[in-house]
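In what follows, a structure is listed as structure tokens, so that the remarks can point back to it.
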Amino acid sequence: MTFETQQPRVIKVSGGVSIGGAPVSYTAFMAALVAILAFVPASIVVGGMGGGWPLHDVIHPLLGLLLGPIAGPIASAIGILIGGVIAPYTNLGPWAPLMGAMSAFAVGMVMQPNRSLWFVPWIITLAANLIYLWQALSFGISFPLWLSNVITIDVALILIAIPQIRNWSIARIRTGGVGLKTYIGFFIVFFFGSTAGIQLNWVPSFATNPWPAEVWPVLIPIIAVERLAFSAIGALIGVGVVSALRRSPLAKATMAGY
């Protein structure tokens with residue numbers, strides 16, 4: 001089952017208030033959803049400021065897909081800021097908005113019609129990855145230990161950089177129906193968005209609050225499980241939401257990627 005024959009519903013902005021082609025109401029709703037999900041801890045925080053990792057980390061890539069690379073990051077950042085106030089036990093600190101914004105931005109850029117725009121979040125993530133290496137080595141963290149912690153980010157960078165994998169995933173998201181192949185496409189793109197967000201968050205977080213070497217081994221399985229699980233859950237939600245939106249009368253944001 002596919003949706004290739006359906007006509008997309010695109011918002012035509014003529015005097016209405018919009019952000020990056022998405023109505024302000026869409027952006028506000030998604031920001032509110034992020035804030036609400038801050039009440040639900042989805043994982044643990046090792047050496048962090050909060051008492052639990054917020055569940056909203058699951059949906060930031062989806063916001064980039066639904067709202068685009070401008071409104072999506074704005075909704076994510078605002079939602080995290082509000083969530084940090086109303087649910088302080090999952091507050092990840094002052095740099096947390098970078099995580100959500102980058103996750104949404106990465107997916108939004110990958111899914112734009114211009115096939116070269118994926119390179120923008122890719123190069124930002126790679127640069128953050130290398131800066132993080134310099135930070136770790138300067139703090140006495142060995143290269144193998146650093147690599148073990150960023151292996152999920154590196155895998156995501158490699159996957160999304162392979163044209164056949166990237167283009168296939170984009171095509172599945174845009175035209176695929178509800179099925180395993182579509183889910184895999186969502187997972188690959190969302191995995192890149194999720195890891196890009198966490199990598200960008202790590203750089204300023206480590207600069208302002210470096211965690212000692214003994215904490216790093218504990219982080220290895222937690223990071224891998226979180227990024228894989230959050231991407232898998234987000235992809236599952238994404239398949240359902242996009243399928244429902246295609247059947248609904250709701251207009252599609254101009255820069256939406258589905």
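We label chains A, B, ... in the order they appear in the structure tokens, count residues from 1 in each chain, and number ligands from 1 in the order shown.
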>> So that I can check the surroundings of Ala71 (chain A), please list as an NGL selection string every protein, DNA and RNA residue that reaches within 9 Å of it, counting only C-alpha atoms and ignoring chain neighbours fewer than 3 positions away.
In response: :A and (18-24 or 26-27 or 63-64 or 67-68 or 74-76 or 104-105 or 255)
Write the residues of the preceding selection, restricted to N, CA and C atoms, as an mmCIF file, in the first residue's frame.
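Here's the written file result19.cif:
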```
data_model
loop_
_atom_site.group_PDB
_atom_site.id
_atom_site.type_symbol
_atom_site.label_atom_id
_atom_site.label_comp_id
_atom_site.auth_asym_id
_atom_site.auth_seq_id
_atom_site.Cartn_x
_atom_site.Cartn_y
_atom_site.Cartn_z
ATOM 1 N N SER A 18 3.032 32.529 10.233
ATOM 2 C CA SER A 18 3.655 31.223 10.132
ATOM 3 C C SER A 18 5.115 31.316 10.523
ATOM 4 N N ILE A 19 5.706 30.168 10.807
ATOM 5 C CA ILE A 19 7.126 30.069 11.111
ATOM 6 C C ILE A 19 7.716 29.027 10.175
ATOM 7 N N GLY A 20 8.565 29.459 9.270
ATOM 8 C CA GLY A 20 9.165 28.526 8.335
ATOM 9 C C GLY A 20 8.153 27.722 7.557
ATOM 10 N N GLY A 21 7.035 28.327 7.195
ATOM 11 C CA GLY A 21 6.011 27.639 6.425
ATOM 12 C C GLY A 21 5.031 26.828 7.251
ATOM 13 N N ALA A 22 5.202 26.824 8.566
ATOM 14 C CA ALA A 22 4.284 26.091 9.449
ATOM 15 C C ALA A 22 3.481 27.095 10.276
ATOM 16 N N PRO A 23 2.176 26.927 10.376
ATOM 17 C CA PRO A 23 1.373 27.849 11.190
ATOM 18 C C PRO A 23 1.881 27.895 12.630
ATOM 19 N N VAL A 24 1.764 29.042 13.233
ATOM 20 C CA VAL A 24 2.193 29.188 14.620
ATOM 21 C C VAL A 24 1.459 28.208 15.525
ATOM 22 N N TYR A 26 0.605 25.146 14.840
ATOM 23 C CA TYR A 26 1.291 23.850 14.763
ATOM 24 C C TYR A 26 2.529 23.845 15.650
ATOM 25 N N THR A 27 3.300 24.929 15.525
ATOM 26 C CA THR A 27 4.543 25.031 16.299
ATOM 27 C C THR A 27 4.246 25.063 17.794
ATOM 28 N N LEU A 63 9.483 16.144 14.891
ATOM 29 C CA LEU A 63 9.126 17.554 14.722
ATOM 30 C C LEU A 63 9.801 18.145 13.497
ATOM 31 N N GLY A 64 11.038 17.735 13.246
ATOM 32 C CA GLY A 64 11.721 18.211 12.053
ATOM 33 C C GLY A 64 11.055 17.718 10.785
ATOM 34 N N LEU A 67 7.318 19.656 10.726
ATOM 35 C CA LEU A 67 7.305 21.116 10.649
ATOM 36 C C LEU A 67 8.396 21.698 9.769
ATOM 37 N N GLY A 68 9.427 20.913 9.469
ATOM 38 C CA GLY A 68 10.530 21.415 8.659
ATOM 39 C C GLY A 68 11.709 21.863 9.501
ATOM 40 N N ILE A 74 12.541 25.176 16.442
ATOM 41 C CA ILE A 74 11.989 26.187 17.348
ATOM 42 C C ILE A 74 11.013 25.533 18.327
ATOM 43 N N ALA A 75 10.139 24.674 17.822
ATOM 44 C CA ALA A 75 9.184 23.983 18.685
ATOM 45 C C ALA A 75 9.907 23.103 19.697
ATOM 46 N N SER A 76 10.947 22.407 19.260
ATOM 47 C CA SER A 76 11.707 21.539 20.159
ATOM 48 C C SER A 76 12.377 22.346 21.263
ATOM 49 N N ALA A 104 15.751 17.983 15.399
ATOM 50 C CA ALA A 104 14.708 18.387 14.458
ATOM 51 C C ALA A 104 15.315 19.001 13.192
ATOM 52 N N PHE A 105 16.336 19.805 13.382
ATOM 53 C CA PHE A 105 16.985 20.462 12.241
ATOM 54 C C PHE A 105 17.601 19.432 11.299
ATOM 55 N N MET A 255 7.379 23.254 4.519
ATOM 56 C CA MET A 255 8.700 22.633 4.540
ATOM 57 C C MET A 255 8.684 21.253 5.206
#
```
>> So that I can see what lies close to region 200-212 of chain A, please list as a ChimeraX atom specification the residues with an atom at most 7 Å from it, counting only C-alpha atoms and leaving out residues fewer than 4 positions away in the same chain.
In response: /A:47,95-96,98-99,125,128,132,196
> In Å, with one decimal, what is the gap from CA of Val150 (chain A) to CA of Val215 (chain A)?
Replying inline: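 It comes out at 14.3 Å.
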> Tell me, which residues of region 39-225 of chain A carry DSSP helix (DSSP H, G or I), written as an MDAnalysis selection string?
Replying inline: chainID A and resid 55:58 60:86 88:90 96:110 119:138 143:161 163:175 180:208 213:225
>> Neighbouring residues of Ala224 (chain A) were defined as those with any atom within 12 Å, considering only C-alpha atoms; residues of the same chain fewer than 5 positions away were excluded. Please report them as a VMD selection string.
In response: chain A and resid 148 to 156 191 194 to 195 198 217 to 219 229 to 231
>> I'd like to know which of A:Leu92, A:Leu81, A:Leu236, A:Ile70 is closest to Pro41 (chain A), using only C-alpha atoms.
In response: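 Residue with the minimum atom-to-atom distance to Pro41 (chain A): A:Leu92.
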> In Å, with one decimal, what is the gap from CA of Ala171 (chain A) to CA of Val242 (chain A)?
Replying inline: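 One can read the CA of Ala171 (chain A) to CA of Val242 (chain A) distance as 13.7 Å.
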>> Ranking A:Pro249, A:Gly52, A:Pro97, A:Gly240 by minimum distance to Val40 (chain A) and counting only C-alpha atoms, which one comes first?
In response: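 So, comparing all the options, the nearest one is A:Gly52.
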> What separation in Å, quoted to one decimal, exists between CA of Gly79 (chain A) and CA of Tyr183 (chain A)?
Replying inline: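 Value for the CA of Gly79 (chain A)-CA of Tyr183 (chain A) distance: 25.9 Å.
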>> Ranking A:Leu157, A:Val178, A:Val189, A:Ala256 by minimum distance to Ala244 (chain A) and counting only C-alpha atoms, which one comes first?
In response: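 Using only C-alpha atoms, the shortest distance to Ala244 (chain A) belongs to A:Val178.
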> Looking at only C-alpha atoms, which of A:Ile59, A:Val225, A:Ala106, A:Ala213 is the one that sits closest to Leu137 (chain A)?
Replying inline: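 Smallest separation from Leu137 (chain A) among the options: A:Ala213.
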>> Just want the 12 Å neighbourhood of Leu180 (chain A), counted on only C-alpha atoms, with same-chain residues fewer than 2 positions away dropped. Output as a PyMOL selection string.
In response: chain A and resi 1+169+172-173+176-178+182-187+232+235-236+239
May I have the residues from that selection written out with C-alpha atoms, as an mmCIF file, in the first residue's frame?
```cif
data_model
loop_
_atom_site.group_PDB
_atom_site.id
_atom_site.type_symbol
_atom_site.label_atom_id
_atom_site.label_comp_id
_atom_site.auth_asym_id
_atom_site.auth_seq_id
_atom_site.Cartn_x
_atom_site.Cartn_y
_atom_site.Cartn_z
ATOM 1 C CA MET A 1 0.000 0.000 0.000
ATOM 2 C CA SER A 169 15.163 6.110 3.324
ATOM 3 C CA ARG A 172 10.306 5.344 1.848
ATOM 4 C CA ILE A 173 9.278 8.168 4.178
ATOM 5 C CA GLY A 176 5.917 4.379 1.468
ATOM 6 C CA GLY A 177 2.886 2.940 3.174
ATOM 7 C CA VAL A 178 2.699 1.338 6.596
ATOM 8 C CA THR A 182 8.953 2.354 5.632
ATOM 9 C CA TYR A 183 9.720 1.854 9.306
ATOM 10 C CA ILE A 184 13.381 1.162 8.512
ATOM 11 C CA GLY A 185 13.518 4.347 6.432
ATOM 12 C CA PHE A 186 12.124 6.345 9.329
ATOM 13 C CA PHE A 187 14.567 4.699 11.722
ATOM 14 C CA ALA A 232 13.110 2.988 17.136
ATOM 15 C CA ALA A 235 10.208 5.857 14.001
ATOM 16 C CA LEU A 236 7.238 3.777 15.110
ATOM 17 C CA VAL A 239 5.026 5.911 10.711
#
```
> Of the candidates A:Leu159, A:Leu130, A:Val107, A:Ile233, which shows the shortest atom-to-atom distance to Leu66 (chain A), using only C-alpha atoms?
Replying inline: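 Checking each of A:Leu159, A:Leu130, A:Val107, A:Ile233 against Leu66 (chain A), counting only C-alpha atoms, the winner is A:Val107.
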Who sits within 9 Å of Leu37 (chain A), only C-alpha atoms, same chain under 5 positions skipped, as a PDB file with N, CA, C and O atoms, in the first residue's frame:
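Result file follows (result_7.pdb):
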```
ATOM      1  N   ALA A  32       4.180  22.418  23.064  1.00  0.00           N
ATOM      2  CA  ALA A  32       3.434  21.993  24.251  1.00  0.00           C
ATOM      3  C   ALA A  32       3.560  20.485  24.464  1.00  0.00           C
ATOM      4  O   ALA A  32       3.693  20.011  25.604  1.00  0.00           O
ATOM      5  N   PRO A  54      14.320  12.853  29.851  1.00  0.00           N
ATOM      6  CA  PRO A  54      12.938  13.122  29.437  1.00  0.00           C
ATOM      7  C   PRO A  54      12.515  12.342  28.194  1.00  0.00           C
ATOM      8  O   PRO A  54      13.293  12.151  27.263  1.00  0.00           O
ATOM      9  N   LEU A  55      11.270  11.923  28.187  1.00  0.00           N
ATOM     10  CA  LEU A  55      10.723  11.156  27.074  1.00  0.00           C
ATOM     11  C   LEU A  55      10.636  11.970  25.792  1.00  0.00           C
ATOM     12  O   LEU A  55      10.601  11.401  24.699  1.00  0.00           O
ATOM     13  N   HIS A  56      10.621  13.297  25.905  1.00  0.00           N
ATOM     14  CA  HIS A  56      10.487  14.097  24.685  1.00  0.00           C
ATOM     15  C   HIS A  56      11.659  13.903  23.727  1.00  0.00           C
ATOM     16  O   HIS A  56      11.567  14.252  22.547  1.00  0.00           O
ATOM     17  N   ASP A  57      12.753  13.317  24.201  1.00  0.00           N
ATOM     18  CA  ASP A  57      13.877  13.047  23.310  1.00  0.00           C
ATOM     19  C   ASP A  57      13.458  12.145  22.156  1.00  0.00           C
ATOM     20  O   ASP A  57      14.077  12.139  21.097  1.00  0.00           O
ATOM     21  N   GLY A  83       9.538  22.641  29.468  1.00  0.00           N
ATOM     22  CA  GLY A  83       9.577  21.386  30.204  1.00  0.00           C
ATOM     23  C   GLY A  83      10.580  21.395  31.335  1.00  0.00           C
ATOM     24  O   GLY A  83      10.348  20.810  32.398  1.00  0.00           O
TER      25      GLY A  83
END
```
